[in-house]
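Q: What follows is the file final_30.cif, containing mmCIF, C-alpha atoms, pLDDT in the B column; chains and numbers go by the auth columns:
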```
data_start
loop_
_atom_site.group_PDB
_atom_site.id
_atom_site.type_symbol
_atom_site.label_atom_id
_atom_site.label_comp_id
_atom_site.label_asym_id
_atom_site.label_seq_id
_atom_site.Cartn_x
_atom_site.Cartn_y
_atom_site.Cartn_z
_atom_site.B_iso_or_equiv
_atom_site.auth_seq_id
_atom_site.auth_asym_id
ATOM 1 C CA MET A 1 37.394 -14.888 10.260 43.00 1 A
ATOM 2 C CA ILE A 2 38.236 -11.241 11.056 44.00 2 A
ATOM 3 C CA VAL A 3 34.738 -10.129 9.976 41.00 3 A
ATOM 4 C CA ALA A 4 33.177 -12.803 12.194 40.00 4 A
ATOM 5 C CA LEU A 5 35.233 -11.633 15.182 36.00 5 A
ATOM 6 C CA GLN A 6 34.275 -8.015 14.547 41.00 6 A
ATOM 7 C CA ALA A 7 30.586 -8.978 14.411 45.00 7 A
ATOM 8 C CA LEU A 8 31.005 -10.935 17.650 42.00 8 A
ATOM 9 C CA ALA A 9 32.635 -7.923 19.316 43.00 9 A
ATOM 10 C CA VAL A 10 29.768 -5.619 18.271 46.00 10 A
ATOM 11 C CA THR A 11 27.189 -8.140 19.527 45.00 11 A
ATOM 12 C CA ALA A 12 29.036 -8.463 22.819 45.00 12 A
ATOM 13 C CA GLN A 13 28.911 -4.676 23.284 57.00 13 A
ATOM 14 C CA GLU A 14 25.122 -4.687 22.958 73.00 14 A
ATOM 15 C CA THR A 15 23.216 -5.204 26.184 89.00 15 A
ATOM 16 C CA ALA A 16 20.387 -7.707 26.545 92.00 16 A
ATOM 17 C CA ASN A 17 18.019 -4.720 26.646 94.00 17 A
ATOM 18 C CA GLU A 18 19.326 -3.420 23.296 94.00 18 A
ATOM 19 C CA ARG A 19 19.054 -6.838 21.645 94.00 19 A
ATOM 20 C CA GLN A 20 15.488 -7.335 22.914 95.00 20 A
ATOM 21 C CA ALA A 21 14.474 -3.818 21.816 96.00 21 A
ATOM 22 C CA ARG A 22 15.892 -4.275 18.314 95.00 22 A
ATOM 23 C CA ARG A 23 14.302 -7.731 17.907 95.00 23 A
ATOM 24 C CA ILE A 24 10.837 -6.537 18.974 96.00 24 A
ATOM 25 C CA PHE A 25 11.045 -3.314 16.949 95.00 25 A
ATOM 26 C CA ASN A 26 12.091 -5.283 13.842 94.00 26 A
ATOM 27 C CA GLN A 27 9.066 -7.567 14.257 95.00 27 A
ATOM 28 C CA ALA A 28 6.724 -4.593 14.638 95.00 28 A
ATOM 29 C CA TYR A 29 8.306 -2.772 11.665 93.00 29 A
ATOM 30 C CA ASN A 30 7.947 -5.854 9.458 93.00 30 A
ATOM 31 C CA GLN A 31 4.270 -6.198 10.400 93.00 31 A
ATOM 32 C CA VAL A 32 3.713 -2.692 9.002 92.00 32 A
ATOM 33 C CA PHE A 33 6.123 -2.536 6.060 90.00 33 A
ATOM 34 C CA GLY A 34 6.607 -6.218 5.191 90.00 34 A
ATOM 35 C CA SER A 35 5.605 -7.845 1.908 91.00 35 A
ATOM 36 C CA GLN A 36 2.277 -9.027 3.380 94.00 36 A
ATOM 37 C CA GLY A 37 1.049 -5.431 3.668 94.00 37 A
ATOM 38 C CA ALA A 38 -0.786 -3.632 6.480 96.00 38 A
ATOM 39 C CA SER A 39 -3.539 -1.100 7.079 96.00 39 A
ATOM 40 C CA LEU A 40 -4.259 1.301 9.946 96.00 40 A
ATOM 41 C CA HIS A 41 -6.015 4.473 11.029 97.00 41 A
ATOM 42 C CA TYR A 42 -3.766 7.373 12.103 95.00 42 A
ATOM 43 C CA ASP A 43 -4.047 10.698 13.910 94.00 43 A
ATOM 44 C CA VAL A 44 -1.000 12.926 13.315 91.00 44 A
ATOM 45 C CA ASN A 45 -0.013 16.034 15.265 90.00 45 A
ATOM 46 C CA ILE A 46 3.162 17.898 14.239 85.00 46 A
ATOM 47 C CA VAL A 47 3.946 20.207 17.196 78.00 47 A
ATOM 48 C CA GLY A 48 0.369 21.489 17.129 75.00 48 A
ATOM 49 C CA LEU A 49 0.999 23.279 13.806 79.00 49 A
ATOM 50 C CA TYR A 50 -0.309 20.555 11.519 82.00 50 A
ATOM 51 C CA LYS A 51 -2.920 17.956 12.372 87.00 51 A
ATOM 52 C CA THR A 52 -4.533 15.340 10.180 89.00 52 A
ATOM 53 C CA LYS A 53 -6.107 11.929 10.413 94.00 53 A
ATOM 54 C CA GLY A 54 -6.969 9.214 7.985 95.00 54 A
ATOM 55 C CA ASP A 55 -6.557 5.636 6.865 96.00 55 A
ATOM 56 C CA ILE A 56 -3.532 4.168 5.118 95.00 56 A
ATOM 57 C CA THR A 57 -2.662 0.835 3.532 96.00 57 A
ATOM 58 C CA PHE A 58 0.910 -0.278 2.704 91.00 58 A
ATOM 59 C CA LYS A 59 2.326 -3.166 0.708 94.00 59 A
ATOM 60 C CA GLY A 60 5.961 -2.999 -0.365 90.00 60 A
ATOM 61 C CA LYS A 61 6.341 0.260 -2.313 90.00 61 A
ATOM 62 C CA LYS A 62 2.587 0.521 -2.825 94.00 62 A
ATOM 63 C CA GLN A 63 0.360 2.743 -0.756 94.00 63 A
ATOM 64 C CA LYS A 64 -3.174 4.063 -0.542 96.00 64 A
ATOM 65 C CA PHE A 65 -4.418 6.664 1.904 93.00 65 A
ATOM 66 C CA VAL A 66 -7.374 8.902 2.582 94.00 66 A
ATOM 67 C CA ASP A 67 -7.062 11.879 4.924 91.00 67 A
ATOM 68 C CA GLU A 68 -9.065 15.041 5.501 89.00 68 A
ATOM 69 C CA LYS A 69 -7.951 16.694 2.237 90.00 69 A
ATOM 70 C CA VAL A 70 -6.466 14.052 -0.057 93.00 70 A
ATOM 71 C CA ASN A 71 -7.183 10.634 -1.510 95.00 71 A
ATOM 72 C CA ALA A 72 -3.981 8.997 -2.781 95.00 72 A
ATOM 73 C CA TRP A 73 -3.077 5.879 -4.714 96.00 73 A
ATOM 74 C CA ASN A 74 0.517 4.743 -5.279 95.00 74 A
ATOM 75 C CA ASP A 75 0.935 1.555 -7.317 95.00 75 A
ATOM 76 C CA GLY A 76 4.716 1.408 -6.866 92.00 76 A
ATOM 77 C CA VAL A 77 5.368 3.218 -10.172 94.00 77 A
ATOM 78 C CA THR A 78 3.040 6.221 -10.191 95.00 78 A
ATOM 79 C CA ALA A 79 1.419 8.170 -7.334 94.00 79 A
ATOM 80 C CA TYR A 80 -1.911 9.964 -7.754 96.00 80 A
ATOM 81 C CA MET A 81 -2.681 12.678 -5.172 95.00 81 A
ATOM 82 C CA CYS A 82 -6.359 13.671 -5.450 96.00 82 A
ATOM 83 C CA TYR A 83 -7.107 17.015 -3.779 95.00 83 A
ATOM 84 C CA ARG A 84 -10.850 17.038 -3.132 94.00 84 A
ATOM 85 C CA LYS A 85 -11.311 20.793 -2.570 94.00 85 A
ATOM 86 C CA LYS A 86 -9.571 21.772 -5.839 94.00 86 A
ATOM 87 C CA LYS A 87 -10.802 18.694 -7.729 96.00 87 A
ATOM 88 C CA GLU A 88 -7.239 18.201 -8.984 96.00 88 A
ATOM 89 C CA VAL A 89 -5.206 15.018 -9.433 96.00 89 A
ATOM 90 C CA HIS A 90 -1.443 15.552 -9.145 95.00 90 A
ATOM 91 C CA ILE A 91 0.636 12.788 -10.727 95.00 91 A
ATOM 92 C CA HIS A 92 4.089 12.004 -9.287 93.00 92 A
ATOM 93 C CA ALA A 93 6.731 9.314 -9.628 91.00 93 A
ATOM 94 C CA SER A 94 6.070 6.715 -6.950 89.00 94 A
ATOM 95 C CA GLN A 95 9.096 7.472 -4.743 84.00 95 A
ATOM 96 C CA SER A 96 9.219 11.257 -5.263 81.00 96 A
ATOM 97 C CA ASP A 97 9.543 13.356 -2.099 72.00 97 A
ATOM 98 C CA LYS A 98 7.552 16.060 -3.903 70.00 98 A
ATOM 99 C CA LYS A 99 4.282 14.165 -3.397 67.00 99 A
ATOM 100 C CA ASP A 100 3.749 16.043 -0.159 65.00 100 A
ATOM 101 C CA LYS A 101 5.740 18.491 1.914 58.00 101 A
ATOM 102 C CA TYR A 102 6.349 16.079 4.817 55.00 102 A
ATOM 103 C CA SER A 103 7.416 12.801 3.178 56.00 103 A
ATOM 104 C CA GLY A 104 11.028 13.897 2.625 54.00 104 A
ATOM 105 C CA LYS A 105 11.446 14.902 6.264 56.00 105 A
ATOM 106 C CA PHE A 106 11.126 11.358 7.629 61.00 106 A
ATOM 107 C CA LYS A 107 14.164 9.572 6.170 64.00 107 A
ATOM 108 C CA PHE A 108 16.165 7.037 8.151 71.00 108 A
ATOM 109 C CA SER A 109 17.811 3.637 8.256 82.00 109 A
ATOM 110 C CA LEU A 110 17.072 1.161 11.051 86.00 110 A
ATOM 111 C CA ASP A 111 20.845 0.857 11.598 89.00 111 A
ATOM 112 C CA ASP A 112 21.100 4.601 12.394 89.00 112 A
ATOM 113 C CA PHE A 113 19.906 4.117 15.966 94.00 113 A
ATOM 114 C CA ASP A 114 20.687 2.774 19.409 95.00 114 A
ATOM 115 C CA TYR A 115 17.703 0.850 20.791 96.00 115 A
ATOM 116 C CA SER A 116 16.244 0.427 24.279 97.00 116 A
ATOM 117 C CA ILE A 117 13.056 -1.070 25.691 97.00 117 A
ATOM 118 C CA ALA A 118 10.955 -0.345 28.786 97.00 118 A
ATOM 119 C CA GLU A 119 7.385 -0.871 29.942 96.00 119 A
ATOM 120 C CA ASP A 120 4.912 2.001 29.968 96.00 120 A
ATOM 121 C CA ASN A 121 1.242 1.747 31.011 93.00 121 A
ATOM 122 C CA GLY A 122 0.875 -1.848 29.863 95.00 122 A
ATOM 123 C CA TYR A 123 2.782 -1.405 26.594 97.00 123 A
ATOM 124 C CA PHE A 124 6.334 -1.959 25.448 97.00 124 A
ATOM 125 C CA LEU A 125 8.034 1.399 24.844 98.00 125 A
ATOM 126 C CA ILE A 126 10.884 1.081 22.346 97.00 126 A
ATOM 127 C CA THR A 127 13.157 4.124 22.088 97.00 127 A
ATOM 128 C CA LEU A 128 15.462 4.681 19.117 96.00 128 A
ATOM 129 C CA LYS A 129 18.131 7.381 19.483 95.00 129 A
ATOM 130 C CA GLN A 130 20.137 8.409 16.446 93.00 130 A
ATOM 131 C CA LYS A 131 23.827 7.499 16.508 92.00 131 A
ATOM 132 C CA LYS A 132 26.297 10.397 16.321 89.00 132 A
ATOM 133 C CA LYS A 133 27.395 10.008 12.683 84.00 133 A
ATOM 134 C CA ALA A 134 24.039 8.934 11.236 84.00 134 A
ATOM 135 C CA LYS A 135 22.752 11.095 8.365 81.00 135 A
ATOM 136 C CA GLY A 136 18.983 10.515 8.567 81.00 136 A
ATOM 137 C CA THR A 137 16.605 13.338 9.463 84.00 137 A
ATOM 138 C CA ILE A 138 14.948 11.464 12.347 89.00 138 A
ATOM 139 C CA LYS A 139 16.696 11.999 15.689 92.00 139 A
ATOM 140 C CA VAL A 140 14.497 10.017 18.103 94.00 140 A
ATOM 141 C CA VAL A 141 11.646 7.528 17.748 94.00 141 A
ATOM 142 C CA LYS A 142 9.476 6.377 20.652 97.00 142 A
ATOM 143 C CA ALA A 143 7.169 3.496 19.707 97.00 143 A
ATOM 144 C CA TRP A 144 4.476 2.080 22.000 98.00 144 A
ATOM 145 C CA LEU A 145 3.649 -1.527 21.069 97.00 145 A
ATOM 146 C CA THR A 146 1.217 -4.082 22.435 97.00 146 A
ATOM 147 C CA LYS A 147 2.933 -6.745 24.515 95.00 147 A
ATOM 148 C CA HIS A 148 1.182 -9.540 22.651 91.00 148 A
ATOM 149 C CA GLY A 149 1.623 -9.190 18.914 94.00 149 A
ATOM 150 C CA TYR A 150 3.839 -6.069 19.025 96.00 150 A
ATOM 151 C CA GLU A 151 1.203 -4.001 17.231 97.00 151 A
ATOM 152 C CA PRO A 152 1.916 -0.243 17.070 96.00 152 A
ATOM 153 C CA VAL A 153 -0.460 2.026 19.029 97.00 153 A
ATOM 154 C CA ARG A 154 1.477 5.304 19.267 97.00 154 A
ATOM 155 C CA LEU A 155 4.635 6.945 17.893 95.00 155 A
ATOM 156 C CA ARG A 156 6.573 10.051 18.900 95.00 156 A
ATOM 157 C CA ILE A 157 9.129 11.099 16.292 92.00 157 A
ATOM 158 C CA LYS A 158 11.686 13.892 16.666 91.00 158 A
ATOM 159 C CA VAL A 159 12.916 15.532 13.470 86.00 159 A
ATOM 160 C CA ALA A 160 15.479 18.285 14.097 80.00 160 A
ATOM 161 C CA PHE A 161 13.901 20.189 17.030 82.00 161 A
ATOM 162 C CA PHE A 162 10.238 19.325 16.599 87.00 162 A
ATOM 163 C CA TRP A 163 8.142 16.338 17.647 91.00 163 A
ATOM 164 C CA THR A 164 5.432 14.542 15.698 90.00 164 A
ATOM 165 C CA THR A 165 2.870 12.381 17.495 94.00 165 A
ATOM 166 C CA VAL A 166 1.035 9.598 15.667 94.00 166 A
ATOM 167 C CA LYS A 167 -1.822 7.689 17.300 97.00 167 A
ATOM 168 C CA ILE A 168 -2.576 4.375 15.602 96.00 168 A
ATOM 169 C CA SER A 169 -5.774 2.307 15.688 97.00 169 A
ATOM 170 C CA ASP A 170 -7.535 -0.402 13.648 97.00 170 A
ATOM 171 C CA PHE A 171 -4.171 -1.987 12.810 96.00 171 A
ATOM 172 C CA LYS A 172 -4.239 -5.040 10.525 96.00 172 A
ATOM 173 C CA SER A 173 -1.251 -6.902 9.080 95.00 173 A
ATOM 174 C CA GLY A 174 -1.633 -9.125 5.995 94.00 174 A
ATOM 175 C CA GLY A 175 -4.489 -9.940 3.655 93.00 175 A
ATOM 176 C CA ILE A 176 -3.914 -6.829 1.499 94.00 176 A
ATOM 177 C CA SER A 177 -4.985 -7.156 -2.142 93.00 177 A
ATOM 178 C CA ASP A 178 -2.938 -5.398 -4.851 94.00 178 A
ATOM 179 C CA ASP A 179 -6.217 -4.150 -6.363 95.00 179 A
ATOM 180 C CA ILE A 180 -6.458 -1.588 -3.540 95.00 180 A
ATOM 181 C CA PHE A 181 -3.523 0.368 -5.001 97.00 181 A
ATOM 182 C CA VAL A 182 -4.901 0.739 -8.552 97.00 182 A
ATOM 183 C CA PHE A 183 -5.966 4.325 -9.253 97.00 183 A
ATOM 184 C CA PRO A 184 -9.690 4.390 -10.195 96.00 184 A
ATOM 185 C CA ARG A 185 -9.302 6.914 -13.029 95.00 185 A
ATOM 186 C CA GLU A 186 -12.954 6.647 -14.074 94.00 186 A
ATOM 187 C CA LYS A 187 -14.062 8.221 -10.767 94.00 187 A
ATOM 188 C CA PHE A 188 -11.957 11.323 -11.481 95.00 188 A
ATOM 189 C CA LYS A 189 -12.676 11.843 -15.184 91.00 189 A
ATOM 190 C CA ASP A 190 -14.114 15.331 -14.556 94.00 190 A
ATOM 191 C CA TRP A 191 -11.143 16.476 -12.458 96.00 191 A
ATOM 192 C CA LYS A 192 -8.102 18.444 -13.620 96.00 192 A
ATOM 193 C CA PHE A 193 -4.943 16.294 -14.015 96.00 193 A
ATOM 194 C CA VAL A 194 -1.545 17.912 -13.321 94.00 194 A
ATOM 195 C CA ASP A 195 1.519 15.837 -14.246 93.00 195 A
ATOM 196 C CA LYS A 196 4.345 16.710 -11.831 90.00 196 A
ATOM 197 C CA ARG A 197 6.747 13.968 -12.877 88.00 197 A
ATOM 198 C CA ASP A 198 10.197 15.064 -14.103 77.00 198 A
ATOM 199 C CA LYS A 199 10.257 15.256 -17.875 56.00 199 A
#
```
Would you put the structure from the file into structure tokens?

A:
Amino acid sequence: MIVALQALAVTAQETANERQARRIFNQAYNQVFGSQGASLHYDVNIVGLYKTKGDITFKGKKQKFVDEKVNAWNDGVTAYMCYRKKKEVHIHASQSDKKDKYSGKFKFSLDDFDYSIAEDNGYFLITLKQKKKAKGTIKVVKAWLTKHGYEPVRLRIKVAFFWTTVKISDFKSGGISDDIFVFPREKFKDWKFVDKRDK
């Protein structure tokens, strides 16, 4: 009974705007990271210092992406980072932050934020601001979503003092085959393999 009253008190403190923002953001998030899987094209700009673009497919803990330098397959157990210029395949544990130098910088929980929603140039703009005692590295997220379908089209993410911009296109949710995430070892038989998993 006490827990139910506490939950009711928290809900009562939330405004209608906050509830709507959280509901819509959750739907958009689940379209990308839900069990059905999703694919998209991205253009990333980290404060003008690092830019890349490519295509990525998600499904649960599995992932495949191709950008300007790397082809990567992650089957949920093992990640294979294939560096085309060096002709090297680096092998990592699936969830290791060592796969690339940026993955560990974008850690957060959806409960770490206060949510708000507005309209901006024909899109919903959902803003997430980190709560005071939250421990994640992401401080602010601004997500532009289509009004019909809540598909992501642009993100601005603040980590510490710098902003990352991600433009999203060709978004598709669902219909993702698990075969996509299987590393095609035969295509890389002449490459150097470097096992970076902890022994």

Q: From the options A:Arg84, A:Lys51, A:His148, A:Arg156, which residue's atoms come nearest to Thr127 (chain A), counting all atoms listed in the file?

A: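 Looking only at the distances to Thr127 (chain A), the closest residue turns out to be A:Arg156.
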
Q: Which residues of region 151-183 of chain A come within 12 Å of region 75-80 of chain A, and for each one, what is the closest pair of atoms and their distance in Å to one decimal, counting all atoms listed in the file, sorted by chain and residue number, as a Markdown table?

A:
```
| residue | atom | partner | partner_atom | distance |
| --- | --- | --- | --- | --- |
| A:Ser177 | CA | A:Asp75 | CA | 11.7 |
| A:Asp178 | CA | A:Asp75 | CA | 8.3 |
| A:Asp179 | CA | A:Asp75 | CA | 9.2 |
| A:Ile180 | CA | A:Asp75 | CA | 8.9 |
| A:Phe181 | CA | A:Asp75 | CA | 5.2 |
| A:Val182 | CA | A:Asp75 | CA | 6.0 |
| A:Phe183 | CA | A:Tyr80 | CA | 7.1 |
```

Q: On this structure, the PyMOL selection byres ((chain A and resi 55) around 6) would catch which residues? List them as a PyMOL selection string, sorted by chain and number.

A: chain A and resi 40-41+54+56+65-66

Q: Which one of A:Val194, A:Val166, A:Leu128, A:Val141 sits closest to Ala21 (chain A) if you count only C-alpha atoms?

A: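 Of the candidates, the smallest distance to Ala21 (chain A) is held by A:Leu128.
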
Q: Name the residues that the PyMOL selection byres ((chain A and resi 90-92) around 9) picks from the file above, as a PyMOL selection string, using the file's chain letters and numbers.

A: chain A and resi 77-83+88-89+93-96+98-99+192-198

Q: What is the CA of Gly122 (chain A) to CA of Phe33 (chain A) distance in Å?

A: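 Separating CA of Gly122 (chain A) from CA of Phe33 (chain A) is a distance of 24.4 Å.
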
Q: With distances taken over only C-alpha atoms, which of A:Lys69, A:Asn74, A:Tyr115, A:Tyr123 is nearest to Thr15 (chain A)?

A: A:Tyr115

Q: Enumerate, as an MDAnalysis selection string, the protein, DNA and RNA residues whose atoms approach (12.8, 18.9, 17.7) to within 12 Å, taking into account all atoms listed in the file and the coordinate frame of the file.

A: chainID A and resid 46:47 137:141 156:165

Q: May I ask which of the residues A:Lys62, A:Lys172, A:Asn26, A:Trp191 is the closest one to Ala143 (chain A), counting only C-alpha atoms?

A: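 Checking each of A:Lys62, A:Lys172, A:Asn26, A:Trp191 against Ala143 (chain A), counting only C-alpha atoms, the winner is A:Asn26.
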
Q: Could you check which of A:Lys53, A:Lys86, A:Lys133, A:Lys142 is closest to Leu155 (chain A), using all atoms listed in the file?

A: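 Nearest to Leu155 (chain A): A:Lys142.
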
Q: Distance CA of Lys59 (chain A)-CA of Tyr29 (chain A), one decimal place?

A: 12.5 Å
